[in-house]
Structure formats: C-alpha cells, structure tokens
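Student: I have a structure I would like to understand better, so I am pasting it below and will then ask my questions one at a time.
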Amino acid sequence: MIRIISCRLILFIVIMFAAGCSGSSASALHFRFNHAGYFPEGFKEAIIFSSSEIAGSKVKMISAGSGKTVKEFTLRNNRGTWGKFRYHYAVTFSDIKQKGEYYLQIDKVRSDNFTIGNEKYHTLLPQVLDFFRIQRCGPTNPHLHGVCHLYDSYKIVGDEAFGNVDVTGGWHDAGDYIKFTNTTAVSAYLLALSYVLNPSLHEKDINKNGAPDILEEIKVALDWLLRCNYAEGKLITQVQDMRDHDVGWRLPENDTLKFDRPAYKGEGKNIYGIYSAVMALGAKIWSSRLNEKEFAEKCRAAAEKFYSAASSVPDIDVAFTGMYQDKSHQGKMLLGALELYNLTGRQKYHDDAKRMSSGLQPDYWWSWGDLNALASFRSAQLVKTGTAVLEINLGGFNKAKDNTVYGDAGVYTWGTTTTLFGIAAKAMMYRFLNSANTYDTLAIRQFDYIFGKNPWGKSFVVGLGSSSVRYLHSQIGYFNNNNLPGGIAAGPATTEMLKNYNITRKNFAGQEFNSSEVAYYDDRDDYVTNEPAIITNATAVFAMTLLLTYY
C-alpha cells in the first residue's frame with residue numbers, strides 16, 4: 001500500500017509541474033532514448049528513471065500516428081543509481097519492428113516522440129561529414145567562415161634555417177585553429193576507409209562536380225599532408241602553438257596571429273606509419289575511382305618514402321606542445337605496411353605486415369593514438385591474419401556494457417564520444433569480418449548513449465533530436481549563432497579529471513544529472529566536455545558506415 005501511494009504521489013507531482021515533459025529539471029520522472037531512432041531489426045531500449053521508487057508502474061508504448069498502444073510494460077529490475085537518481089528501469093522493445101513514430105507513457109506523463117527506422121541515420125551521416133567543411137583552413141572553400149591563415153608558416157621550429165614554408169590548407173583540429181598531422185592523417189584515413197568499405201553509401205555529390213563529397217574532404221587533408229613534406233625526408237607535424245588559445249575568440253579570418261603561426265618539424269614511426277597509410281589508401285582511391293594518376297602517384301611516392309624512412313627515426317614523435325602525444329607506434333606502422341601492400345602488391349610490405357601483426361597487442365581503447373584493433377581488422381582483411389586483438393578488446397567492452405545503468409561501455413575521459421564511437425566501430429568490424437552479429441548490441445548501445453539515451457537526455461550531436469547540445473566550444477559555431485552543423489561534443493568526463501582544469505562556466509542547465517564521479521556541461525567555455533574535434537567526426541563517420549552496411 002505504501003508503494004502504491006508513493007507511485008501515485010510521484011505521478012501527481014509530474015502531471016502538475018511537468019506534464020508532457022521528458023527531461024525537465026522540475027520533473028520527478030525522466031525518459032531517455034536515442035534521438036536518431038531505432039533500427040527495425042536492431043536492439044531497442046529506453047530508460048525511465050526517478051529519484052523515487054517507481055517499480056511496478058505500467059508503461060505504454062503508443063504509436064504517435066494512430067494513438068494506439070502497441071505494447072505495455074511493467075517496470076521491474078532497477079538498473080541502479082546514477083547521481084541523485086536511485087531508480088533506473090529499462091524498457092526494451094526490440095520485438096517492435098514497424099517503422100514509425102512512437103512515445104512512452106506512464107498514466108498521463110509521456111516522453112517525446114522517437115522513431116523506428118533508419119532514415120535519420122542516413123540524413124545524419126552527411127551532416128556529420130559536412131563538419132569537415134567548417135574545419136577547413138586556407139583557400140579551400142570553407143563553410144561558415146572566410147578564407148583564413150594564408151601565411152602558414154613563417155618558420156619551422158626544429159629546422160629554423162629552412163625559412164618559411166607553405167602549409168596552408170588542411171583542417172583546424174577542433175574549436176581552436178591549430179593543425180596537427182597526427183589527427184589529420186588518422187581522420188582522413190578513417191574517412192578513406194569508410195569510402196572503401198561501403199562506396200555506395202558515400203556517393204553523395206552536393207556540388208555536382210563528379211567527385212563524392214567524402215573524397216573532396218579527404219583531398220583537403222591529402223593536399224595539406226603533402227605540403228607538410230616540405231623537403232626530402234622532412235615532415236611538419238603541427239602548425240601553431242598554444243598561444244592560439246590565449247588571444248580571445250575570433251573567426252579564423254580575423255585571427256590576430258595570422259602572421260605568427262609557426263610550423264613544427266617532427267619525426268617518429270607513429271607519425272610516419274599513419275602518414276604512409278593514408279597516402280597509400282589515398283593513392284589507391286584516386287587511381288581507381290577518380291582516374292587521377294598524377295595525384296595518385298604523388299601519394300604513392302610519399303607513402304613509400306616515409307614508410308622506408310621510419311626505420312631510421314625514433315619510435316614515437318615528441319609533440320612540441322604535448323598535445324596528441326602518442327604512446328605507441330605499432331598499430332600505425334602496421335596500417336602503413338598493410339595499405340602499401342594493398343596498393344603495390346609488393347611482397348616486402350606483405351611480410352612486414354605479417355611480422356608486425358604477430359606482435360600486435362590489445363590496446364583496450366580507441367582514440368587517435370589507439371588503433372591496434374583497427375590495424376587488426378585491416379590485417380585480417382588484407383593478409384588474412386587472426387582477429388585476436390580485436391576480439392580481446394571487444395570482450396572487455398561487452399562485459400562493461402552490462403554493468404552500467406545506460407548500457408554504454410562506461411568509459412569517461414577527454415573525448416568520451418570518440419571512444420564510444422570507436423567501440424561501436426570495433427563491434428561492427430567484427431561483423432564485417434565474421435558475418436556474425438555477436439557484438440551488434442554493444443555497437444547500438446554506444447550509439448544510443450551518444451544520441452540521447454544518457455543521464456542528460458541530450459544528443460551530443462548538434463541539431464539531432466528534440467534535445468541536443470547547443471553551446472559547443474567552437475569559435476566558428478559561436479560567431480554563427482551556435483550553428484555548427486554536424487558538430488559533436490566531446491561528452492562527459494570524470495569529475496576527477498575536470499578538477500585539473502580551471503574552467504569558468506556560465507551554463508549549468510542539466511547539472512542535476514551529473515554524478516559525483518562524472519559530469520557534462522553544455523557550455524561554450526568547457527573545452528573538456530563540450531569541444532568538437534575532427535577525430536570525433538571521423539570516427540563517427542567510420543562507425544556509422546559500418547553500422548549502416550547492415551542496418
């Protein structure tokens with residue numbers, strides 16, 4: 001009797017103060033779901049939570065079109081506590097396959113609408129790709145800002161005697177205007193591999209110039225990376241330094257440091273490996289798909305040159321500013337060998353790839369610097385090695401998802417969304433290799449979390465769904481009235497990590513959903529949890545490509 005009275009009291013409060021609201025801070029009942037929707041044949045789950053016990057409550061799933069109830073649930077098996085909310089319940093409806101719009105309802109309290117169908121994913125994919133147009137630097141026809149940084153760079157730190165060098169173009173890395181060879185090469189490689197694995201998904205050509213949009217974006221990166229090879233055997237690994245962060249917010253064309261953006265020379269097997277990989281894959285695409293033999297030959301020559309030079313440089317390049325500092329080179333060097341073998345068919349590259357694959361170790365992660373699982377996947381494709389590294393990675397993440405309230409893999413760091421997209425990509429790489437859906441639910445749950453089934457109820461992609469991030473740490477977005485199409489927030493981080501950074505925030509909406517261990521802020525000054533980056537979008541494109549191959 002006490003439990004029944006408690007539930008009725010909760011529902012009365014919700015109806016009085018927040019009827020029809022799915023995530024208001026005044027509400028005692030909260031619905032969380034994927035704002036991109038659910039695949040008809042895929043795993044489907046929403047979360048309902050409260051600070052008070054709601055076990056035994058009846059939930060209806062209702063068709064928004066007809067108003068008819070399609071399924072009823074009883075809330076059972078509390079998933080556990082997040083922050084101040086002790087009661088979380090899953091509503092699983094994988095058996096509902098009919099496309100359409102639906103909502104969940106408890107008495108008269110209902111969620112926002114969500115969809116069953118893959119249409120939003122197909123709309124979202126080109127939007128996520130279009131973010132790279134916004135990140136373009138130099139005379140590359142950028143979007144939402146003017147031509148910028150035409151004087152990169154007046155000197156090379158580490159090779160000052162050389163003088164000035166032309167490293168215009170490429171992509172700004174994140175919300176700032178620094179450019180990195182490491183993240184540019186990894187991002188371009190992921191885009192290129194996305195095209196190779198499912199070209200039909202990426203044939204969209206908005207400007208009707210005969211080249212798919214994704215290849216135009218990759219070309220921006222390849223052109224810049226070729227310029228970074230400024231002299232025989234020498235490579236620029238970064239343009240601009242941390243002073244970029246200290247001169248105030250401005251559009252890139254108004255950068256007060258436009259004449260003072262040094263380039264940095266670097267060398268290391270990690271950089272040379274991924275540089276070789278993207279150049280080799282680019283050469284293959286430009287030769288076979290676009291029949292641009294001259295450009296393909298430039299890419300091939302650069303790939304072979306730096307792969308060969310890797311034997312005489314340190315294992316790890318030392319990043320001058322400490323940003324994007326790799327810890328390992330094995331995965332990136334293996335990718336270089338694999339793509340050169342795929343391009344040239346030379347036995348040397350095949351043998352190198354086999355040798356490096358045999359010593360590859362699981363990295364239990366995904367980031368710009370943790371690509372061993374990706375190298376394992378590509379190795380299995382191209383030289384028929386085993387997939388132990390990939391599978392060991394997946395085993396750990398698959399167990400982790402069952403121990404979290406929201407079904408995510410429970411990794412909260414600087415770049416959480418990048419890592420979650422990467423975990424989803426790993427899960428779908430397994431299916432690509434084995435034609436088995438063993439880890440599909442793991443993949444889908446990571447997408448669910450990023451797209452709204454999280455404590456904050458926010459899609460971390462700008463403009464996706466009824467509640468999405470808005471105030472990204474992006475200068476271009478800020479000067480365009482927070483319009484940053486396809487921008488993706490970095491996502492929640494541990495409070496322990498956030499203590500290390502002196503961030504003055506102004507927007508605390510949704511902070512009641514933070515826990516004592518993990519927090520997220522949709523605030524333009526929060527460069528840890530709310531900054532977009534090219535590596536995030538590249539990983540998202542790659543993961544979505546693999547997912548949409550099967551769904």
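Identifiers for the structure tokens are assigned positionally: chains receive A, B, ... in sequence, residues are indexed from 1 per chain, and ligands are indexed from 1 in the order shown.
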If you take only C-alpha atoms and a cut-off of 12 Å, which residues of segment 486-506 of chain A touch segment 106-124 of chain A, and what are their nearest atom pairs and distances in Å to one decimal, in chain and number order, as JSON lines?
Tutor:
```
{"residue": "A:Gly486", "atom": "CA", "partner": "A:Leu124", "partner_atom": "CA", "distance": 7.7}
{"residue": "A:Gly487", "atom": "CA", "partner": "A:Leu124", "partner_atom": "CA", "distance": 11.0}
{"residue": "A:Ile488", "atom": "CA", "partner": "A:Leu124", "partner_atom": "CA", "distance": 11.6}
```
Student: Which residues are near Phe295 of chain A? Cut-off 9 Å, only C-alpha atoms, ignore same chain within fewer than 4 positions. Put them as a list in words.
Tutor: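 My reading of the contact set: Ala283, Trp286, Ser287, Cys299 and Arg300 of chain A.
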Student: Those same residues, written as a PDB file, in the first residue's frame with C-alpha atoms?
Tutor:
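Full text of result.pdb as output:
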```pdb
ATOM      1  CA  ALA A 283      46.672   6.722 -53.937  1.00  0.00           C
ATOM      2  CA  TRP A 286      42.452   8.378 -56.646  1.00  0.00           C
ATOM      3  CA  SER A 287      43.827   5.931 -59.169  1.00  0.00           C
ATOM      4  CA  CYS A 299      50.539   9.996 -52.772  1.00  0.00           C
ATOM      5  CA  ARG A 300      52.191   6.646 -53.521  1.00  0.00           C
TER       6      ARG A 300
END
```
Student: Pick out the residues sitting within 12 Å of Gly463 of chain A, and hand them over as JSON, numbers by chain; count only C-alpha atoms, and ignore anything fewer than 3 positions along from it in its own chain.
Tutor: {"A": [35, 36, 120, 123, 124, 127, 128, 451, 452, 458, 459, 460, 466, 467, 468, 469, 470, 471, 472, 482, 483, 484, 485, 486, 487, 488, 489]}
Student: I need the chosen residues saved as a short mmCIF file (atom, residue, chain, number, x, y, z; two decimals), in the first residue's frame, with C-alpha atoms.
Tutor:
```cif
data_model
loop_
_atom_site.label_atom_id
_atom_site.label_comp_id
_atom_site.auth_asym_id
_atom_site.auth_seq_id
_atom_site.Cartn_x
_atom_site.Cartn_y
_atom_site.Cartn_z
CA HIS A 35 17.08 10.69 -30.78
CA ALA A 36 18.31 9.22 -34.06
CA LYS A 120 17.56 9.68 -39.58
CA THR A 123 20.32 12.00 -43.01
CA LEU A 124 22.78 12.35 -40.15
CA GLN A 127 25.75 16.16 -41.74
CA VAL A 128 28.50 14.64 -39.61
CA PHE A 451 22.42 10.14 -29.40
CA GLY A 452 20.40 10.73 -26.22
CA LYS A 458 20.89 15.10 -24.78
CA SER A 459 22.02 14.08 -28.19
CA PHE A 460 25.70 15.04 -28.27
CA SER A 466 14.29 17.23 -29.55
CA SER A 467 17.15 17.91 -27.12
CA SER A 468 20.71 18.30 -28.38
CA VAL A 469 23.88 20.12 -27.39
CA ARG A 470 23.91 23.74 -28.41
CA TYR A 471 26.82 25.71 -26.95
CA LEU A 472 29.83 23.82 -28.24
CA ASN A 482 25.71 28.48 -32.18
CA ASN A 483 25.09 26.98 -35.60
CA LEU A 484 27.63 24.19 -36.10
CA PRO A 485 26.02 21.52 -38.31
CA GLY A 486 27.33 18.07 -37.56
CA GLY A 487 29.35 19.21 -34.56
CA ILE A 488 29.71 16.60 -31.83
CA ALA A 489 30.51 17.35 -28.19
#
```
Student: Counting only C-alpha atoms, what is within 10 Å of Leu150 of chain A, bar same-chain residues fewer than 6 positions away, as number ranges by chain?
Tutor: A: 137-139, 166-169, 253, 258-259
Student: Rank A:Phe85, A:Lys58, A:Glu297, A:Tyr307 by their smallest atom-to-atom distance to Phe73 of chain A, using only C-alpha atoms, and report the top residue only.
Tutor: A:Lys58
Student: From the DSSP assignment of the backbone, select every residue of segment 138-305 of chain A that is alpha helix (DSSP H), and format the answer as a PDB file with C-alpha atoms, in the first residue's frame.
Tutor:
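Saved the output as selection10.pdb:
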```
ATOM      1  CA  THR A 181      49.479  15.959 -38.856  1.00  0.00           C
ATOM      2  CA  ASN A 182      48.606  13.139 -36.465  1.00  0.00           C
ATOM      3  CA  THR A 183      44.870  13.767 -36.124  1.00  0.00           C
ATOM      4  CA  THR A 184      44.531  14.955 -39.725  1.00  0.00           C
ATOM      5  CA  ALA A 185      46.108  11.748 -41.034  1.00  0.00           C
ATOM      6  CA  VAL A 186      44.070   9.487 -38.746  1.00  0.00           C
ATOM      7  CA  SER A 187      40.832  11.331 -39.577  1.00  0.00           C
ATOM      8  CA  ALA A 188      41.482  11.260 -43.319  1.00  0.00           C
ATOM      9  CA  TYR A 189      42.372   7.563 -43.113  1.00  0.00           C
ATOM     10  CA  LEU A 190      39.071   6.771 -41.357  1.00  0.00           C
ATOM     11  CA  LEU A 191      37.128   8.725 -43.990  1.00  0.00           C
ATOM     12  CA  ALA A 192      39.003   6.983 -46.798  1.00  0.00           C
ATOM     13  CA  LEU A 193      38.444   3.552 -45.281  1.00  0.00           C
ATOM     14  CA  SER A 194      34.755   4.382 -44.836  1.00  0.00           C
ATOM     15  CA  TYR A 195      34.557   5.028 -48.563  1.00  0.00           C
ATOM     16  CA  VAL A 196      36.439   1.846 -49.443  1.00  0.00           C
ATOM     17  CA  LEU A 197      34.279  -0.367 -47.214  1.00  0.00           C
ATOM     18  CA  ASP A 213      31.721  14.817 -51.067  1.00  0.00           C
ATOM     19  CA  ILE A 214      33.680  12.483 -48.814  1.00  0.00           C
ATOM     20  CA  LEU A 215      36.506  12.300 -51.368  1.00  0.00           C
ATOM     21  CA  GLU A 216      36.587  16.078 -51.664  1.00  0.00           C
ATOM     22  CA  GLU A 217      37.074  16.280 -47.908  1.00  0.00           C
ATOM     23  CA  ILE A 218      39.823  13.654 -47.968  1.00  0.00           C
ATOM     24  CA  LYS A 219      41.537  15.618 -50.747  1.00  0.00           C
ATOM     25  CA  VAL A 220      41.702  18.697 -48.494  1.00  0.00           C
ATOM     26  CA  ALA A 221      43.619  16.600 -45.991  1.00  0.00           C
ATOM     27  CA  LEU A 222      45.871  14.869 -48.520  1.00  0.00           C
ATOM     28  CA  ASP A 223      46.845  18.154 -50.160  1.00  0.00           C
ATOM     29  CA  TRP A 224      47.866  19.567 -46.796  1.00  0.00           C
ATOM     30  CA  LEU A 225      49.709  16.439 -45.737  1.00  0.00           C
ATOM     31  CA  LEU A 226      51.697  16.545 -48.983  1.00  0.00           C
ATOM     32  CA  ARG A 227      52.659  20.144 -48.231  1.00  0.00           C
ATOM     33  CA  CYS A 228      53.779  19.057 -44.774  1.00  0.00           C
ATOM     34  CA  LYS A 269      57.411   5.787 -36.501  1.00  0.00           C
ATOM     35  CA  ASN A 270      53.954   6.637 -35.175  1.00  0.00           C
ATOM     36  CA  ILE A 271      53.599   9.675 -37.458  1.00  0.00           C
ATOM     37  CA  TYR A 272      55.371   8.125 -40.443  1.00  0.00           C
ATOM     38  CA  GLY A 273      53.227   4.993 -40.148  1.00  0.00           C
ATOM     39  CA  ILE A 274      49.835   6.693 -40.273  1.00  0.00           C
ATOM     40  CA  TYR A 275      51.135   9.164 -42.872  1.00  0.00           C
ATOM     41  CA  SER A 276      52.121   6.229 -45.095  1.00  0.00           C
ATOM     42  CA  ALA A 277      48.787   4.503 -44.517  1.00  0.00           C
ATOM     43  CA  VAL A 278      46.591   7.430 -45.536  1.00  0.00           C
ATOM     44  CA  MET A 279      48.797   8.297 -48.502  1.00  0.00           C
ATOM     45  CA  ALA A 280      48.735   4.720 -49.787  1.00  0.00           C
ATOM     46  CA  LEU A 281      44.975   4.391 -49.366  1.00  0.00           C
ATOM     47  CA  GLY A 282      44.504   7.795 -50.994  1.00  0.00           C
ATOM     48  CA  ALA A 283      46.672   6.722 -53.937  1.00  0.00           C
ATOM     49  CA  LYS A 284      44.541   3.630 -54.472  1.00  0.00           C
ATOM     50  CA  ILE A 285      41.255   5.575 -54.376  1.00  0.00           C
ATOM     51  CA  TRP A 286      42.452   8.378 -56.646  1.00  0.00           C
ATOM     52  CA  SER A 287      43.827   5.931 -59.169  1.00  0.00           C
ATOM     53  CA  SER A 288      40.889   3.517 -59.262  1.00  0.00           C
ATOM     54  CA  LYS A 293      47.019   9.070 -61.944  1.00  0.00           C
ATOM     55  CA  GLU A 294      49.310  12.043 -61.342  1.00  0.00           C
ATOM     56  CA  PHE A 295      47.899  12.814 -57.913  1.00  0.00           C
ATOM     57  CA  ALA A 296      47.795   9.126 -57.052  1.00  0.00           C
ATOM     58  CA  GLU A 297      51.471   8.847 -57.928  1.00  0.00           C
ATOM     59  CA  LYS A 298      52.340  11.745 -55.598  1.00  0.00           C
ATOM     60  CA  CYS A 299      50.539   9.996 -52.772  1.00  0.00           C
ATOM     61  CA  ARG A 300      52.191   6.646 -53.521  1.00  0.00           C
ATOM     62  CA  ALA A 301      55.659   8.172 -53.602  1.00  0.00           C
ATOM     63  CA  ALA A 302      55.088   9.962 -50.287  1.00  0.00           C
ATOM     64  CA  ALA A 303      53.748   6.784 -48.682  1.00  0.00           C
ATOM     65  CA  GLU A 304      56.717   4.651 -49.718  1.00  0.00           C
ATOM     66  CA  LYS A 305      59.250   7.338 -48.847  1.00  0.00           C
TER      67      LYS A 305
END
```
Student: Would you please give, as a PyMOL selection string, all residues of segment 90-176 of chain A that DSSP assigns to strand (DSSP E or B) based on the backbone?
Tutor: chain A and resi 90-92+100-106+109-110+114-116+136+156-157+171
Student: Select, from A:Asp246, A:Asp370, A:Asp522, A:Asp408, the residue with the minimum atom-to-atom distance to Val461 of chain A, counting only C-alpha atoms.
Tutor: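 So, comparing all the options, the nearest one is A:Asp522.
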Student: Extract, using only C-alpha atoms, all DNA, RNA and protein residues at most 12 Å from Asp176 of chain A, discarding same-chain residues fewer than 3 positions from it, and format them as a PyMOL selection string.
Tutor: chain A and resi 135-137+171-173+179-180+239-252+255+472-478+525+527+531-534
Student: Please measure the separation of atom CA of Met323 of chain A and atom CA of Asn502 of chain A, giving the value in Å to one decimal.
Tutor: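 Answer for the atom CA of Met323 of chain A to atom CA of Asn502 of chain A separation: 17.8 Å.
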Student: Would you pick out the contacts of Met428 of chain A at 9 Å or less, using only C-alpha atoms, so that residues sharing its chain but fewer than 3 positions from it are not included, and give the list as a list in words?
Tutor: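 The filter keeps Ile423, Ala424, Ala425, Arg431, Phe432, Leu433, Asn437, Tyr439, Asp440, Ala443, Ala543, Leu546, Leu547 and Tyr550 of chain A.
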Student: Atom CA of Glu391 of chain A to atom CA of Ala427 of chain A: how many Å, to one decimal?
Tutor: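 Between these atoms lies a distance of 8.9 Å.
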Student: Which residue gives the smallest distance to Lys453 of chain A among A:Val405, A:Val165, A:Ala319, A:Leu29, with only C-alpha atoms counted?
Tutor: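 Among the listed residues, A:Val405 lies closest to Lys453 of chain A.
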Student: Find, counting only C-alpha atoms, the residue in A:Gln105, A:Ser328, A:Thr441, A:Thr413 that gets nearest to Phe39 of chain A.
Tutor: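 Using only C-alpha atoms, the shortest distance to Phe39 of chain A belongs to A:Thr441.
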Student: May I ask for the distance between atom CA of Glu517 of chain A and atom CA of Ala90 of chain A, given in Å to one decimal place?
Tutor: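 Atom CA of Ala90 of chain A lies at a distance of 22.1 Å from atom CA of Glu517 of chain A.
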Student: Tell me which of A:Arg524, A:Arg445, A:Arg133, A:His329 sits closest to Asp363 of chain A, counting only C-alpha atoms.
Tutor: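 The closest residue to Asp363 of chain A is A:His329.
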Student: Which residue is closest to Phe320 of chain A? Choose from A:Gln238, A:Thr545, A:Gln511, A:Asn403 and count only C-alpha atoms.
Tutor: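 Checking each of A:Gln238, A:Thr545, A:Gln511, A:Asn403 against Phe320 of chain A, counting only C-alpha atoms, the winner is A:Gln238.
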